[in-house]
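Next up, input_9.tsv (TSV, N, CA and C atoms):
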```tsv
chain	number	residue	atom	x	y	z
Z	1	MET	N	-34.21	3.88	-8.88
Z	1	MET	CA	-34.78	3.69	-7.56
Z	1	MET	C	-34.43	2.30	-7.06
Z	2	LEU	N	-34.03	2.23	-5.81
Z	2	LEU	CA	-33.65	0.96	-5.22
Z	2	LEU	C	-34.91	0.20	-4.81
Z	3	THR	N	-35.23	-0.82	-5.59
Z	3	THR	CA	-36.36	-1.70	-5.29
Z	3	THR	C	-35.91	-3.14	-5.48
Z	4	VAL	N	-36.65	-4.05	-4.90
Z	4	VAL	CA	-36.36	-5.47	-5.07
Z	4	VAL	C	-36.45	-5.83	-6.54
Z	5	GLU	N	-37.44	-5.29	-7.22
Z	5	GLU	CA	-37.63	-5.60	-8.64
Z	5	GLU	C	-36.46	-5.12	-9.48
Z	6	ASN	N	-35.97	-3.90	-9.20
Z	6	ASN	CA	-34.84	-3.36	-9.95
Z	6	ASN	C	-33.55	-4.15	-9.68
Z	7	LEU	N	-33.36	-4.56	-8.45
Z	7	LEU	CA	-32.20	-5.39	-8.12
Z	7	LEU	C	-32.28	-6.73	-8.85
Z	8	LYS	N	-33.46	-7.30	-8.87
Z	8	LYS	CA	-33.66	-8.57	-9.55
Z	8	LYS	C	-33.44	-8.43	-11.06
Z	9	ALA	N	-33.88	-7.32	-11.62
Z	9	ALA	CA	-33.72	-7.08	-13.06
Z	9	ALA	C	-32.25	-7.02	-13.46
Z	10	LEU	N	-31.38	-6.64	-12.53
Z	10	LEU	CA	-29.95	-6.61	-12.80
Z	10	LEU	C	-29.32	-8.00	-12.73
Z	11	GLY	N	-30.08	-8.97	-12.21
Z	11	GLY	CA	-29.57	-10.34	-12.14
Z	11	GLY	C	-29.27	-10.84	-10.74
Z	12	ASN	N	-29.71	-10.11	-9.73
Z	12	ASN	CA	-29.47	-10.51	-8.35
Z	12	ASN	C	-30.57	-11.46	-7.89
Z	13	ARG	N	-30.21	-12.35	-6.95
Z	13	ARG	CA	-31.17	-13.34	-6.43
Z	13	ARG	C	-31.85	-12.77	-5.18
Z	14	THR	N	-32.71	-11.81	-5.41
Z	14	THR	CA	-33.32	-11.08	-4.31
Z	14	THR	C	-34.20	-11.97	-3.43
Z	15	GLU	N	-34.74	-13.05	-3.98
Z	15	GLU	CA	-35.58	-13.93	-3.17
Z	15	GLU	C	-34.77	-14.48	-1.99
Z	16	GLU	N	-33.51	-14.83	-2.27
Z	16	GLU	CA	-32.64	-15.35	-1.20
Z	16	GLU	C	-32.41	-14.29	-0.14
Z	17	GLY	N	-32.12	-13.07	-0.56
Z	17	GLY	CA	-31.89	-11.99	0.39
Z	17	GLY	C	-33.12	-11.70	1.22
Z	18	LEU	N	-34.27	-11.69	0.56
Z	18	LEU	CA	-35.52	-11.46	1.29
Z	18	LEU	C	-35.79	-12.56	2.30
Z	19	THR	N	-35.50	-13.80	1.93
Z	19	THR	CA	-35.70	-14.91	2.85
Z	19	THR	C	-34.86	-14.73	4.10
Z	20	ARG	N	-33.63	-14.29	3.92
Z	20	ARG	CA	-32.75	-14.05	5.07
Z	20	ARG	C	-33.26	-12.92	5.95
Z	21	CYS	N	-34.10	-12.06	5.38
Z	21	CYS	CA	-34.66	-10.92	6.12
Z	21	CYS	C	-36.12	-11.17	6.48
Z	22	MET	N	-36.50	-12.42	6.56
Z	22	MET	CA	-37.86	-12.81	6.93
Z	22	MET	C	-38.90	-12.14	6.04
Z	23	ASN	N	-38.55	-11.98	4.76
Z	23	ASN	CA	-39.41	-11.37	3.74
Z	23	ASN	C	-39.82	-9.94	4.06
Z	24	ASN	N	-39.01	-9.27	4.87
Z	24	ASN	CA	-39.26	-7.87	5.20
Z	24	ASN	C	-38.51	-7.02	4.16
Z	25	GLU	N	-39.22	-6.57	3.16
Z	25	GLU	CA	-38.62	-5.85	2.04
Z	25	GLU	C	-37.92	-4.57	2.49
Z	26	MET	N	-38.51	-3.84	3.39
Z	26	MET	CA	-37.93	-2.59	3.87
Z	26	MET	C	-36.58	-2.86	4.56
Z	27	PHE	N	-36.56	-3.88	5.40
Z	27	PHE	CA	-35.32	-4.25	6.11
Z	27	PHE	C	-34.26	-4.71	5.11
Z	28	TYR	N	-34.67	-5.52	4.15
Z	28	TYR	CA	-33.75	-6.01	3.13
Z	28	TYR	C	-33.12	-4.85	2.35
Z	29	LEU	N	-33.93	-3.92	1.90
Z	29	LEU	CA	-33.42	-2.78	1.13
Z	29	LEU	C	-32.51	-1.89	1.99
Z	30	ARG	N	-32.81	-1.81	3.27
Z	30	ARG	CA	-31.95	-1.05	4.18
Z	30	ARG	C	-30.57	-1.71	4.28
Z	31	LEU	N	-30.55	-3.04	4.37
Z	31	LEU	CA	-29.28	-3.76	4.42
Z	31	LEU	C	-28.51	-3.63	3.11
Z	32	VAL	N	-29.22	-3.67	2.00
Z	32	VAL	CA	-28.58	-3.47	0.69
Z	32	VAL	C	-27.95	-2.09	0.65
Z	33	GLY	N	-28.68	-1.09	1.08
Z	33	GLY	CA	-28.15	0.27	1.10
Z	33	GLY	C	-26.91	0.40	1.97
Z	34	MET	N	-26.92	-0.27	3.10
Z	34	MET	CA	-25.75	-0.25	3.99
Z	34	MET	C	-24.56	-0.94	3.32
Z	35	ALA	N	-24.82	-2.05	2.64
Z	35	ALA	CA	-23.74	-2.76	1.94
Z	35	ALA	C	-23.14	-1.89	0.86
Z	36	LEU	N	-23.97	-1.17	0.15
Z	36	LEU	CA	-23.48	-0.32	-0.93
Z	36	LEU	C	-22.77	0.93	-0.43
Z	37	ALA	N	-23.07	1.36	0.78
Z	37	ALA	CA	-22.45	2.56	1.36
Z	37	ALA	C	-21.05	2.27	1.89
Z	38	ASP	N	-20.73	1.00	2.09
Z	38	ASP	CA	-19.43	0.61	2.62
Z	38	ASP	C	-18.31	0.97	1.64
Z	39	ASP	N	-17.18	1.39	2.14
Z	39	ASP	CA	-16.06	1.76	1.28
Z	39	ASP	C	-15.06	0.61	1.11
Z	40	GLY	N	-15.52	-0.60	1.32
Z	40	GLY	CA	-14.65	-1.77	1.23
Z	40	GLY	C	-13.96	-1.94	-0.10
Z	41	PHE	N	-14.64	-1.59	-1.19
Z	41	PHE	CA	-14.03	-1.75	-2.50
Z	41	PHE	C	-12.80	-0.86	-2.64
Z	42	GLU	N	-12.90	0.39	-2.18
Z	42	GLU	CA	-11.76	1.30	-2.26
Z	42	GLU	C	-10.60	0.78	-1.41
Z	43	GLN	N	-10.92	0.23	-0.26
Z	43	GLN	CA	-9.88	-0.35	0.58
Z	43	GLN	C	-9.24	-1.55	-0.11
Z	44	LEU	N	-10.05	-2.40	-0.72
Z	44	LEU	CA	-9.54	-3.56	-1.45
Z	44	LEU	C	-8.56	-3.12	-2.53
Z	45	LYS	N	-8.97	-2.14	-3.32
Z	45	LYS	CA	-8.09	-1.62	-4.38
Z	45	LYS	C	-6.77	-1.12	-3.80
Z	46	GLY	N	-6.86	-0.39	-2.71
Z	46	GLY	CA	-5.65	0.16	-2.07
Z	46	GLY	C	-4.71	-0.93	-1.60
Z	47	PHE	N	-5.25	-1.96	-0.99
Z	47	PHE	CA	-4.40	-3.06	-0.52
Z	47	PHE	C	-3.72	-3.76	-1.70
Z	48	ILE	N	-4.47	-3.97	-2.77
Z	48	ILE	CA	-3.88	-4.64	-3.93
Z	48	ILE	C	-2.80	-3.76	-4.56
Z	49	GLU	N	-3.09	-2.47	-4.70
Z	49	GLU	CA	-2.09	-1.55	-5.26
Z	49	GLU	C	-0.83	-1.50	-4.41
Z	50	ALA	N	-0.97	-1.66	-3.10
Z	50	ALA	CA	0.18	-1.64	-2.19
Z	50	ALA	C	0.88	-2.99	-2.13
Z	51	GLY	N	0.29	-4.00	-2.77
Z	51	GLY	CA	0.89	-5.34	-2.74
Z	51	GLY	C	0.62	-6.09	-1.45
Z	52	ASP	N	-0.32	-5.61	-0.65
Z	52	ASP	CA	-0.67	-6.25	0.63
Z	52	ASP	C	-1.79	-7.26	0.37
Z	53	LEU	N	-1.40	-8.43	-0.11
Z	53	LEU	CA	-2.40	-9.43	-0.49
Z	53	LEU	C	-3.10	-10.04	0.71
Z	54	ASP	N	-2.45	-10.07	1.87
Z	54	ASP	CA	-3.11	-10.60	3.06
Z	54	ASP	C	-4.28	-9.71	3.47
Z	55	SER	N	-4.03	-8.40	3.53
Z	55	SER	CA	-5.12	-7.47	3.88
Z	55	SER	C	-6.17	-7.44	2.79
Z	56	ALA	N	-5.73	-7.54	1.53
Z	56	ALA	CA	-6.68	-7.58	0.42
Z	56	ALA	C	-7.58	-8.80	0.54
Z	57	PHE	N	-7.00	-9.93	0.89
Z	57	PHE	CA	-7.81	-11.14	1.07
Z	57	PHE	C	-8.84	-10.94	2.17
Z	58	GLU	N	-8.40	-10.40	3.30
Z	58	GLU	CA	-9.33	-10.19	4.43
Z	58	GLU	C	-10.48	-9.28	4.01
Z	59	LYS	N	-10.17	-8.20	3.29
Z	59	LYS	CA	-11.21	-7.26	2.86
Z	59	LYS	C	-12.14	-7.92	1.85
Z	60	ALA	N	-11.58	-8.65	0.88
Z	60	ALA	CA	-12.40	-9.32	-0.13
Z	60	ALA	C	-13.29	-10.38	0.51
Z	61	HIS	N	-12.76	-11.08	1.47
Z	61	HIS	CA	-13.54	-12.13	2.16
Z	61	HIS	C	-14.70	-11.51	2.93
Z	62	ALA	N	-14.46	-10.38	3.57
Z	62	ALA	CA	-15.54	-9.68	4.29
Z	62	ALA	C	-16.60	-9.18	3.31
Z	63	MET	N	-16.16	-8.63	2.18
Z	63	MET	CA	-17.11	-8.15	1.16
Z	63	MET	C	-17.93	-9.30	0.62
Z	64	LYS	N	-17.29	-10.43	0.41
Z	64	LYS	CA	-17.99	-11.62	-0.09
Z	64	LYS	C	-19.14	-11.99	0.86
Z	65	GLY	N	-18.87	-11.94	2.15
Z	65	GLY	CA	-19.90	-12.25	3.13
Z	65	GLY	C	-21.06	-11.27	3.09
Z	66	VAL	N	-20.73	-9.99	3.01
Z	66	VAL	CA	-21.77	-8.96	3.00
Z	66	VAL	C	-22.66	-9.09	1.76
Z	67	TYR	N	-22.02	-9.16	0.58
Z	67	TYR	CA	-22.81	-9.23	-0.66
Z	67	TYR	C	-23.52	-10.57	-0.79
Z	68	GLY	N	-22.95	-11.60	-0.24
Z	68	GLY	CA	-23.62	-12.90	-0.25
Z	68	GLY	C	-24.86	-12.91	0.63
Z	69	ASN	N	-24.75	-12.28	1.80
Z	69	ASN	CA	-25.88	-12.26	2.72
Z	69	ASN	C	-27.09	-11.51	2.17
Z	70	VAL	N	-26.85	-10.47	1.40
Z	70	VAL	CA	-27.97	-9.72	0.82
Z	70	VAL	C	-28.25	-10.15	-0.62
Z	71	ALA	N	-27.57	-11.22	-1.04
Z	71	ALA	CA	-27.81	-11.84	-2.34
Z	71	ALA	C	-27.63	-10.90	-3.52
Z	72	LEU	N	-26.65	-10.00	-3.41
Z	72	LEU	CA	-26.29	-9.16	-4.55
Z	72	LEU	C	-25.28	-9.96	-5.37
Z	73	THR	N	-25.78	-10.95	-6.06
Z	73	THR	CA	-24.93	-11.92	-6.72
Z	73	THR	C	-24.13	-11.34	-7.87
Z	74	THR	N	-24.60	-10.26	-8.47
Z	74	THR	CA	-23.83	-9.65	-9.56
Z	74	THR	C	-22.52	-9.06	-9.03
Z	75	ILE	N	-22.50	-8.70	-7.76
Z	75	ILE	CA	-21.27	-8.21	-7.12
Z	75	ILE	C	-20.57	-9.38	-6.41
Z	76	TYR	N	-21.35	-10.21	-5.77
Z	76	TYR	CA	-20.80	-11.34	-5.02
Z	76	TYR	C	-19.93	-12.24	-5.90
Z	77	ASP	N	-20.38	-12.54	-7.10
Z	77	ASP	CA	-19.64	-13.49	-7.94
Z	77	ASP	C	-18.21	-13.02	-8.24
Z	78	PRO	N	-18.01	-11.80	-8.74
Z	78	PRO	CA	-16.62	-11.39	-8.97
Z	78	PRO	C	-15.82	-11.20	-7.67
Z	79	VAL	N	-16.48	-10.80	-6.59
Z	79	VAL	CA	-15.79	-10.68	-5.31
Z	79	VAL	C	-15.35	-12.07	-4.85
Z	80	SER	N	-16.19	-13.05	-5.06
Z	80	SER	CA	-15.85	-14.43	-4.69
Z	80	SER	C	-14.63	-14.91	-5.48
Z	81	GLU	N	-14.60	-14.59	-6.77
Z	81	GLU	CA	-13.48	-15.00	-7.61
Z	81	GLU	C	-12.17	-14.37	-7.15
Z	82	ILE	N	-12.18	-13.06	-6.89
Z	82	ILE	CA	-10.94	-12.41	-6.45
Z	82	ILE	C	-10.53	-12.90	-5.07
Z	83	THR	N	-11.49	-13.23	-4.23
Z	83	THR	CA	-11.19	-13.76	-2.91
Z	83	THR	C	-10.37	-15.03	-3.02
Z	84	GLU	N	-10.76	-15.91	-3.92
Z	84	GLU	CA	-10.03	-17.18	-4.07
Z	84	GLU	C	-8.64	-16.97	-4.65
Z	85	GLU	N	-8.50	-16.02	-5.56
Z	85	GLU	CA	-7.16	-15.71	-6.10
Z	85	GLU	C	-6.27	-15.14	-4.99
Z	86	LEU	N	-6.85	-14.28	-4.16
Z	86	LEU	CA	-6.08	-13.69	-3.06
Z	86	LEU	C	-5.77	-14.72	-1.98
Z	87	ARG	N	-6.70	-15.62	-1.74
Z	87	ARG	CA	-6.46	-16.68	-0.76
Z	87	ARG	C	-5.21	-17.49	-1.16
Z	88	ALA	N	-5.09	-17.75	-2.46
Z	88	ALA	CA	-3.96	-18.51	-2.98
Z	88	ALA	C	-2.71	-17.65	-3.15
Z	89	LYS	N	-2.84	-16.35	-2.90
Z	89	LYS	CA	-1.74	-15.39	-3.07
Z	89	LYS	C	-1.13	-15.49	-4.46
Z	90	ASN	N	-1.99	-15.63	-5.44
Z	90	ASN	CA	-1.54	-15.73	-6.82
Z	90	ASN	C	-0.95	-14.40	-7.29
Z	91	ASP	N	0.18	-14.48	-7.95
Z	91	ASP	CA	0.84	-13.29	-8.50
Z	91	ASP	C	0.27	-13.04	-9.89
Z	92	ILE	N	-0.87	-12.36	-9.92
Z	92	ILE	CA	-1.57	-12.11	-11.18
Z	92	ILE	C	-1.95	-10.63	-11.26
Z	93	ASP	N	-2.47	-10.26	-12.40
Z	93	ASP	CA	-3.01	-8.92	-12.58
Z	93	ASP	C	-4.45	-8.94	-12.05
Z	94	TYR	N	-4.69	-8.25	-10.97
Z	94	TYR	CA	-6.01	-8.24	-10.35
Z	94	TYR	C	-6.94	-7.20	-10.98
Z	95	ALA	N	-6.42	-6.39	-11.89
Z	95	ALA	CA	-7.21	-5.31	-12.49
Z	95	ALA	C	-8.50	-5.80	-13.15
Z	96	PRO	N	-8.50	-6.90	-13.90
Z	96	PRO	CA	-9.77	-7.34	-14.50
Z	96	PRO	C	-10.85	-7.66	-13.45
Z	97	TYR	N	-10.43	-8.23	-12.33
Z	97	TYR	CA	-11.39	-8.52	-11.25
Z	97	TYR	C	-11.92	-7.21	-10.66
Z	98	LEU	N	-11.00	-6.29	-10.38
Z	98	LEU	CA	-11.41	-5.01	-9.80
Z	98	LEU	C	-12.33	-4.24	-10.75
Z	99	ASP	N	-12.00	-4.28	-12.04
Z	99	ASP	CA	-12.84	-3.60	-13.03
Z	99	ASP	C	-14.25	-4.17	-13.05
Z	100	ARG	N	-14.35	-5.48	-12.99
Z	100	ARG	CA	-15.68	-6.12	-13.01
Z	100	ARG	C	-16.47	-5.79	-11.75
Z	101	ILE	N	-15.81	-5.84	-10.60
Z	101	ILE	CA	-16.49	-5.50	-9.35
Z	101	ILE	C	-16.98	-4.05	-9.40
Z	102	GLU	N	-16.10	-3.16	-9.84
Z	102	GLU	CA	-16.47	-1.75	-9.91
Z	102	GLU	C	-17.64	-1.52	-10.86
Z	103	GLU	N	-17.62	-2.20	-11.99
Z	103	GLU	CA	-18.71	-2.08	-12.96
Z	103	GLU	C	-20.04	-2.53	-12.36
Z	104	GLU	N	-20.03	-3.65	-11.65
Z	104	GLU	CA	-21.27	-4.15	-11.04
Z	104	GLU	C	-21.72	-3.27	-9.90
Z	105	LEU	N	-20.78	-2.75	-9.12
Z	105	LEU	CA	-21.14	-1.81	-8.05
Z	105	LEU	C	-21.82	-0.58	-8.62
Z	106	LYS	N	-21.28	-0.05	-9.71
Z	106	LYS	CA	-21.86	1.15	-10.33
Z	106	LYS	C	-23.29	0.89	-10.79
Z	107	LYS	N	-23.54	-0.27	-11.36
Z	107	LYS	CA	-24.89	-0.60	-11.84
Z	107	LYS	C	-25.88	-0.60	-10.69
Z	108	VAL	N	-25.50	-1.24	-9.60
Z	108	VAL	CA	-26.41	-1.33	-8.45
Z	108	VAL	C	-26.54	0.02	-7.76
Z	109	LYS	N	-25.42	0.74	-7.61
Z	109	LYS	CA	-25.46	2.05	-6.93
Z	109	LYS	C	-26.27	3.07	-7.74
Z	110	ALA	N	-26.37	2.86	-9.04
Z	110	ALA	CA	-27.17	3.77	-9.87
Z	110	ALA	C	-28.65	3.72	-9.48
Z	111	LEU	N	-29.05	2.67	-8.77
Z	111	LEU	CA	-30.44	2.54	-8.33
Z	111	LEU	C	-30.73	3.40	-7.10
Z	112	LEU	N	-29.67	3.84	-6.42
Z	112	LEU	CA	-29.88	4.63	-5.18
Z	112	LEU	C	-30.43	6.01	-5.48
```

Do you think you could lay out the structure here as structure tokens?
Amino acid sequence: MLTVENLKALGNRTEEGLTRCMNNEMFYLRLVGMALADDGFEQLKGFIEAGDLDSAFEKAHAMKGVYGNVALTTIYDPVSEITEELRAKNDIDYAPYLDRIEEELKKVKALL
């Protein structure tokens, strides 16, 4: 079940997200649900697989903002890391970053 307590138990800084939502728990959880419903991760993977690092950077940067705003730090942290690698256009294997993001997304989405 998606609750503030369950999100916090996974390691997210829900107090920050709630503060941004004027401590309105219902509104906060609605925003979290919207963030999790976004297909940005699949798009990110597709851009990386296609070698389009510019579009991948733009998508990762947008995801970083979304997950940061709702303080889903377990997802935000690896998204932030891949964003910086993409910003630098580093020629690296992005699979470990994608695997970590996907793993954290699955954990949080399991609460839905």

Legend entry - Atomic distance atom C of Z:Gly33 - atom C of Z:Asp77, expressed in Å with one decimal: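 Taking atom C of Z:Gly33 as the start and atom C of Z:Asp77 as the end point, the length is 19.0 Å.
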
Legend entry - Proximity to Z:Met34 - best of Z:Phe57, Z:Tyr67, Z:Tyr94, Z:Tyr76, only C-alpha atoms: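 Checking each candidate against Z:Met34, we get Z:Tyr67 as the closest.
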
Inset, instruction - Compile the contact shell of Z:Pro78 as a list in words: residues with an atom at most 8 Å away, counting only N, CA and C atoms, same-chain residues fewer than 2 positions apart removed. - result: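 The residues satisfying every condition are Lys64, Thr73, Thr74, Ile75, Tyr76, Ser80, Glu81, Ile82, Thr83, Glu84, Tyr97, Leu98, Arg100 and Ile101 of chain Z.
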
Legend entry - Close residues, Z:Leu72 itself excluded, 12 Å, only C-alpha atoms, min 2 positions apart in chain, as a ChimeraX atom specification: /Z:4,6-18,28-29,31-33,35-36,63-70,74-80,101,104-105,107-109

Legend entry - d(atom C of Z:Asp99, atom N of Z:Glu42) in Å: 11.9 Å

Inset, instruction - Excluding stretch 43-56 of chain Z and any residue of its chain fewer than 3 positions from it, enumerate the residues within 7 Å of it, using only C-alpha atoms, and give them as a PyMOL selection string. - result: chain Z and resi 39-40+59-60+86+89

Convert the current residue selection to file output with N, CA and C atoms, as a CSV table (one decimal), in the coordinates of the input.
```csv
chain,number,residue,atom,x,y,z
Z,39,ASP,N,-17.2,1.4,2.1
Z,39,ASP,CA,-16.1,1.8,1.3
Z,39,ASP,C,-15.1,0.6,1.1
Z,40,GLY,N,-15.5,-0.6,1.3
Z,40,GLY,CA,-14.6,-1.8,1.2
Z,40,GLY,C,-14.0,-1.9,-0.1
Z,59,LYS,N,-10.2,-8.2,3.3
Z,59,LYS,CA,-11.2,-7.3,2.9
Z,59,LYS,C,-12.1,-7.9,1.8
Z,60,ALA,N,-11.6,-8.6,0.9
Z,60,ALA,CA,-12.4,-9.3,-0.1
Z,60,ALA,C,-13.3,-10.4,0.5
Z,86,LEU,N,-6.8,-14.3,-4.2
Z,86,LEU,CA,-6.1,-13.7,-3.1
Z,86,LEU,C,-5.8,-14.7,-2.0
Z,89,LYS,N,-2.8,-16.4,-2.9
Z,89,LYS,CA,-1.7,-15.4,-3.1
Z,89,LYS,C,-1.1,-15.5,-4.5
```

Inset, instruction - Could you please determine the separation between atom C of Z:Ala37 and atom N of Z:Asp91 in Å, to one decimal place? - result: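 Taking atom C of Z:Ala37 and atom N of Z:Asp91, their separation equals 28.8 Å.
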